[in-house]
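Student: I have a structure here, written as structure tokens, and I will follow up with some questions on it.
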Amino acid sequence: MNDFSTFHAVIQERMKEPGAQYYPDLWWEKELKALLDDLDVSIQFIKGECTDEEFYYLSEIFDDIMEQTKSVDFLKCIRERAERVENAQWRCELAEDIRFAALYVDEN
């Protein structure tokens with residue numbers, strides 16, 4: 001069993017930062033580093049521990065993760081997780097973020 005407190009803390013910091021959407025550099029690298037340190041653990045987090053809101057916020061860095069990893073497993077994970085998001089507007093926005101992230105991997 002993994003301790004996902006680091007993931008939760010990094011995402012919560014971004015969610016609470018006023019104006020973070022306008023000044024993403026303050027938290028962007030922290031989120032990327034946390035998820036890229038061990039992609040398998042990140043996938044476990046997204047599948048089972050990540051709230052819809054946390055997942056929604058993380059979607060802003062999906063394309064960066066895919067650019068660096070080209071991970072078909074990560075792409076599959078975020079697609080499956082997006083289907084479970086209850087908020088219809090978020091699901092729509094997530095689909096767009098995932099579409100852009102998918103451009104970094106050849107699934108054929």
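In the structure tokens, each chain is lettered A, B, ... as it comes, each chain's residues begin at 1, and ligands are numbered from 1 in order of appearance.
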Skip Val105 (chain A) itself and residues of its chain fewer than 4 positions away, then list as a list in words all residues within 10 Å of it, counting only C-alpha atoms.

Tutor: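 What passes the distance filter is Met66, Glu67, Thr69, Lys70, Ser71, Val72, Leu75 and Ala101 of chain A.
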
Student: Do a neighbour search on region 37-51 of chain A at 7 Å with only C-alpha atoms, toss out local chain neighbours closer than 2 positions, and write the hits as a PyMOL selection string.

Tutor: chain A and resi 4+33-35+53-55+74+77+81

Student: Mind dumping the selected residues with C-alpha atoms as a PDB file, in the first residue's frame?

Tutor:
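Saved file part-v3.pdb follows:
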```pdb
ATOM      1  CA  PHE A   4      -0.291   9.125  -1.471  1.00  0.00           C
ATOM      2  CA  LYS A  33       7.804  16.069 -10.408  1.00  0.00           C
ATOM      3  CA  ALA A  34       5.416  14.314  -8.026  1.00  0.00           C
ATOM      4  CA  LEU A  35       3.734  12.370 -10.825  1.00  0.00           C
ATOM      5  CA  GLU A  53     -11.603  17.490  -8.204  1.00  0.00           C
ATOM      6  CA  GLU A  54      -7.932  16.527  -7.858  1.00  0.00           C
ATOM      7  CA  PHE A  55      -8.102  14.650 -11.152  1.00  0.00           C
ATOM      8  CA  PHE A  74      -0.864   6.369 -18.260  1.00  0.00           C
ATOM      9  CA  CYS A  77      -5.511   5.164 -16.904  1.00  0.00           C
ATOM     10  CA  ARG A  81     -10.605   7.614 -14.736  1.00  0.00           C
TER      11      ARG A  81
END
```

Student: Taking the DSSP secondary structure from the backbone, can you list the residues of region 42-106 of chain A that are helix (DSSP H, G or I), as a compact mmCIF listing (two decimals) with N, CA, C and O atoms, in the first residue's frame?

Tutor:
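Contents of result.txt, as written:
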```
# COMPACT_ATOMS: atom_id res chain seq x y z
N SER A 42 1.89 6.78 -9.60
CA SER A 42 0.96 7.84 -10.02
C SER A 42 -0.30 7.25 -10.63
O SER A 42 -1.40 7.72 -10.36
N ILE A 43 -0.13 6.21 -11.40
CA ILE A 43 -1.29 5.53 -12.01
C ILE A 43 -2.16 4.92 -10.91
O ILE A 43 -3.39 5.04 -10.95
N GLN A 44 -1.53 4.31 -9.92
CA GLN A 44 -2.29 3.75 -8.78
C GLN A 44 -3.07 4.86 -8.08
O GLN A 44 -4.24 4.67 -7.71
N PHE A 45 -2.43 6.00 -7.89
CA PHE A 45 -3.08 7.14 -7.23
C PHE A 45 -4.30 7.58 -8.03
O PHE A 45 -5.39 7.75 -7.48
N ILE A 46 -4.12 7.77 -9.32
CA ILE A 46 -5.22 8.25 -10.16
C ILE A 46 -6.37 7.24 -10.18
O ILE A 46 -7.53 7.62 -10.11
N LYS A 47 -6.05 5.97 -10.24
CA LYS A 47 -7.08 4.93 -10.29
C LYS A 47 -7.89 4.84 -9.00
O LYS A 47 -9.10 4.63 -9.05
N GLY A 48 -7.22 4.98 -7.86
CA GLY A 48 -7.93 4.66 -6.63
C GLY A 48 -8.00 5.70 -5.54
O GLY A 48 -8.85 5.60 -4.67
N ASP A 52 -12.32 13.37 -7.81
CA ASP A 52 -12.67 13.97 -9.09
C ASP A 52 -12.06 15.36 -9.23
O ASP A 52 -11.55 15.73 -10.29
N GLU A 53 -12.13 16.13 -8.15
CA GLU A 53 -11.60 17.49 -8.20
C GLU A 53 -10.09 17.49 -8.40
O GLU A 53 -9.56 18.26 -9.21
N GLU A 54 -9.38 16.62 -7.68
CA GLU A 54 -7.93 16.53 -7.86
C GLU A 54 -7.60 16.10 -9.29
O GLU A 54 -6.68 16.65 -9.90
N PHE A 55 -8.33 15.13 -9.79
CA PHE A 55 -8.10 14.65 -11.15
C PHE A 55 -8.33 15.77 -12.17
O PHE A 55 -7.55 15.94 -13.11
N TYR A 56 -9.36 16.53 -11.96
CA TYR A 56 -9.67 17.67 -12.83
C TYR A 56 -8.50 18.66 -12.86
O TYR A 56 -8.08 19.11 -13.92
N TYR A 57 -7.97 18.98 -11.70
CA TYR A 57 -6.83 19.90 -11.64
C TYR A 57 -5.58 19.30 -12.27
O TYR A 57 -4.82 19.99 -12.95
N LEU A 58 -5.36 18.03 -12.06
CA LEU A 58 -4.20 17.37 -12.66
C LEU A 58 -4.24 17.35 -14.17
O LEU A 58 -3.20 17.30 -14.82
N SER A 59 -5.43 17.40 -14.73
CA SER A 59 -5.55 17.30 -16.18
C SER A 59 -4.76 18.37 -16.92
O SER A 59 -4.39 18.20 -18.08
N GLU A 60 -4.47 19.46 -16.23
CA GLU A 60 -3.70 20.54 -16.85
C GLU A 60 -2.28 20.11 -17.21
O GLU A 60 -1.65 20.74 -18.06
N ILE A 61 -1.79 19.05 -16.59
CA ILE A 61 -0.42 18.62 -16.88
C ILE A 61 -0.37 17.28 -17.61
O ILE A 61 0.71 16.74 -17.83
N PHE A 62 -1.52 16.74 -18.01
CA PHE A 62 -1.51 15.45 -18.71
C PHE A 62 -0.65 15.48 -19.97
O PHE A 62 0.08 14.54 -20.25
N ASP A 63 -0.75 16.56 -20.75
CA ASP A 63 0.04 16.60 -21.98
C ASP A 63 1.54 16.65 -21.68
O ASP A 63 2.34 16.03 -22.39
N ASP A 64 1.92 17.33 -20.60
CA ASP A 64 3.35 17.36 -20.23
C ASP A 64 3.85 15.97 -19.82
O ASP A 64 4.95 15.57 -20.16
N ILE A 65 3.02 15.27 -19.07
CA ILE A 65 3.38 13.92 -18.65
C ILE A 65 3.52 13.02 -19.86
O ILE A 65 4.49 12.26 -20.00
N MET A 66 2.57 13.10 -20.77
CA MET A 66 2.62 12.26 -21.96
C MET A 66 3.79 12.63 -22.87
O MET A 66 4.42 11.76 -23.46
N GLU A 67 4.08 13.91 -22.96
CA GLU A 67 5.22 14.34 -23.77
C GLU A 67 6.52 13.72 -23.25
O GLU A 67 7.36 13.26 -24.02
N GLN A 68 6.65 13.66 -21.93
CA GLN A 68 7.89 13.15 -21.34
C GLN A 68 7.94 11.63 -21.25
O GLN A 68 9.02 11.04 -21.29
N THR A 69 6.79 10.98 -21.13
CA THR A 69 6.80 9.52 -20.90
C THR A 69 6.32 8.70 -22.08
O THR A 69 6.71 7.54 -22.20
N VAL A 72 1.57 4.58 -22.73
CA VAL A 72 0.25 4.10 -23.12
C VAL A 72 -0.54 3.72 -21.87
O VAL A 72 -1.76 3.93 -21.80
N ASP A 73 0.13 3.19 -20.85
CA ASP A 73 -0.54 2.83 -19.60
C ASP A 73 -1.12 4.05 -18.90
O ASP A 73 -2.23 4.01 -18.37
N PHE A 74 -0.36 5.14 -18.88
CA PHE A 74 -0.86 6.37 -18.26
C PHE A 74 -2.06 6.89 -19.04
O PHE A 74 -3.08 7.27 -18.45
N LEU A 75 -1.96 6.88 -20.35
CA LEU A 75 -3.07 7.35 -21.18
C LEU A 75 -4.32 6.51 -20.95
O LEU A 75 -5.42 7.05 -20.78
N LYS A 76 -4.17 5.21 -20.89
CA LYS A 76 -5.30 4.32 -20.62
C LYS A 76 -5.91 4.64 -19.25
O LYS A 76 -7.13 4.72 -19.11
N CYS A 77 -5.06 4.86 -18.26
CA CYS A 77 -5.51 5.16 -16.90
C CYS A 77 -6.33 6.45 -16.87
O CYS A 77 -7.42 6.48 -16.29
N ILE A 78 -5.84 7.51 -17.48
CA ILE A 78 -6.57 8.78 -17.40
C ILE A 78 -7.87 8.72 -18.20
O ILE A 78 -8.85 9.35 -17.83
N ARG A 79 -7.87 7.96 -19.27
CA ARG A 79 -9.12 7.80 -20.02
C ARG A 79 -10.17 7.08 -19.18
O ARG A 79 -11.33 7.50 -19.13
N GLU A 80 -9.75 6.00 -18.54
CA GLU A 80 -10.69 5.23 -17.70
C GLU A 80 -11.16 6.06 -16.51
O GLU A 80 -12.33 6.04 -16.15
N ARG A 81 -10.25 6.80 -15.91
CA ARG A 81 -10.60 7.61 -14.74
C ARG A 81 -11.56 8.73 -15.12
O ARG A 81 -12.50 9.05 -14.39
N ALA A 82 -11.37 9.31 -16.30
CA ALA A 82 -12.23 10.40 -16.75
C ALA A 82 -13.68 9.93 -16.91
O ALA A 82 -14.61 10.69 -16.64
N GLU A 83 -13.86 8.68 -17.28
CA GLU A 83 -15.21 8.15 -17.44
C GLU A 83 -15.97 8.09 -16.12
O GLU A 83 -17.20 8.09 -16.11
N ALA A 88 -20.47 16.48 -15.35
CA ALA A 88 -20.50 16.38 -16.81
C ALA A 88 -19.62 17.43 -17.49
O ALA A 88 -18.95 17.13 -18.48
N GLN A 89 -19.59 18.64 -16.95
CA GLN A 89 -18.75 19.69 -17.54
C GLN A 89 -17.27 19.31 -17.39
O GLN A 89 -16.50 19.49 -18.33
N TRP A 90 -16.90 18.81 -16.23
CA TRP A 90 -15.51 18.39 -16.03
C TRP A 90 -15.15 17.25 -16.98
O TRP A 90 -14.06 17.23 -17.54
N ARG A 91 -16.07 16.29 -17.14
CA ARG A 91 -15.81 15.17 -18.06
C ARG A 91 -15.53 15.68 -19.47
O ARG A 91 -14.62 15.21 -20.15
N CYS A 92 -16.29 16.66 -19.89
CA CYS A 92 -16.11 17.25 -21.22
C CYS A 92 -14.73 17.92 -21.33
O CYS A 92 -14.02 17.72 -22.31
N GLU A 93 -14.38 18.71 -20.34
CA GLU A 93 -13.08 19.38 -20.35
C GLU A 93 -11.93 18.38 -20.24
O GLU A 93 -10.89 18.54 -20.89
N LEU A 94 -12.12 17.35 -19.43
CA LEU A 94 -11.11 16.30 -19.30
C LEU A 94 -10.89 15.59 -20.63
O LEU A 94 -9.75 15.29 -21.00
N ALA A 95 -11.97 15.32 -21.34
CA ALA A 95 -11.85 14.66 -22.64
C ALA A 95 -10.97 15.46 -23.59
O ALA A 95 -10.15 14.89 -24.32
N GLU A 96 -11.11 16.77 -23.54
CA GLU A 96 -10.29 17.63 -24.40
C GLU A 96 -8.83 17.59 -23.96
O GLU A 96 -7.92 17.48 -24.80
N ASP A 97 -8.57 17.67 -22.66
CA ASP A 97 -7.19 17.60 -22.17
C ASP A 97 -6.56 16.25 -22.52
O ASP A 97 -5.38 16.19 -22.90
N ILE A 98 -7.33 15.19 -22.41
CA ILE A 98 -6.82 13.85 -22.71
C ILE A 98 -6.57 13.71 -24.22
O ILE A 98 -5.60 13.09 -24.64
N ARG A 99 -7.42 14.32 -25.01
CA ARG A 99 -7.22 14.28 -26.47
C ARG A 99 -5.87 14.90 -26.84
O ARG A 99 -5.12 14.35 -27.63
N PHE A 100 -5.55 16.03 -26.23
CA PHE A 100 -4.25 16.67 -26.48
C PHE A 100 -3.10 15.81 -25.97
O PHE A 100 -2.07 15.68 -26.62
N ALA A 101 -3.27 15.22 -24.81
CA ALA A 101 -2.22 14.37 -24.24
C ALA A 101 -1.96 13.16 -25.13
O ALA A 101 -0.82 12.73 -25.28
N ALA A 102 -3.01 12.62 -25.74
CA ALA A 102 -2.88 11.43 -26.57
C ALA A 102 -2.06 11.68 -27.84
O ALA A 102 -1.55 10.74 -28.45
```

Student: Grab the CA of Ser5 (chain A) to CA of Glu29 (chain A) distance for me, in Å with one decimal place.

Tutor: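 Atom-to-atom, CA of Ser5 (chain A) and CA of Glu29 (chain A) are spaced 17.3 Å apart.
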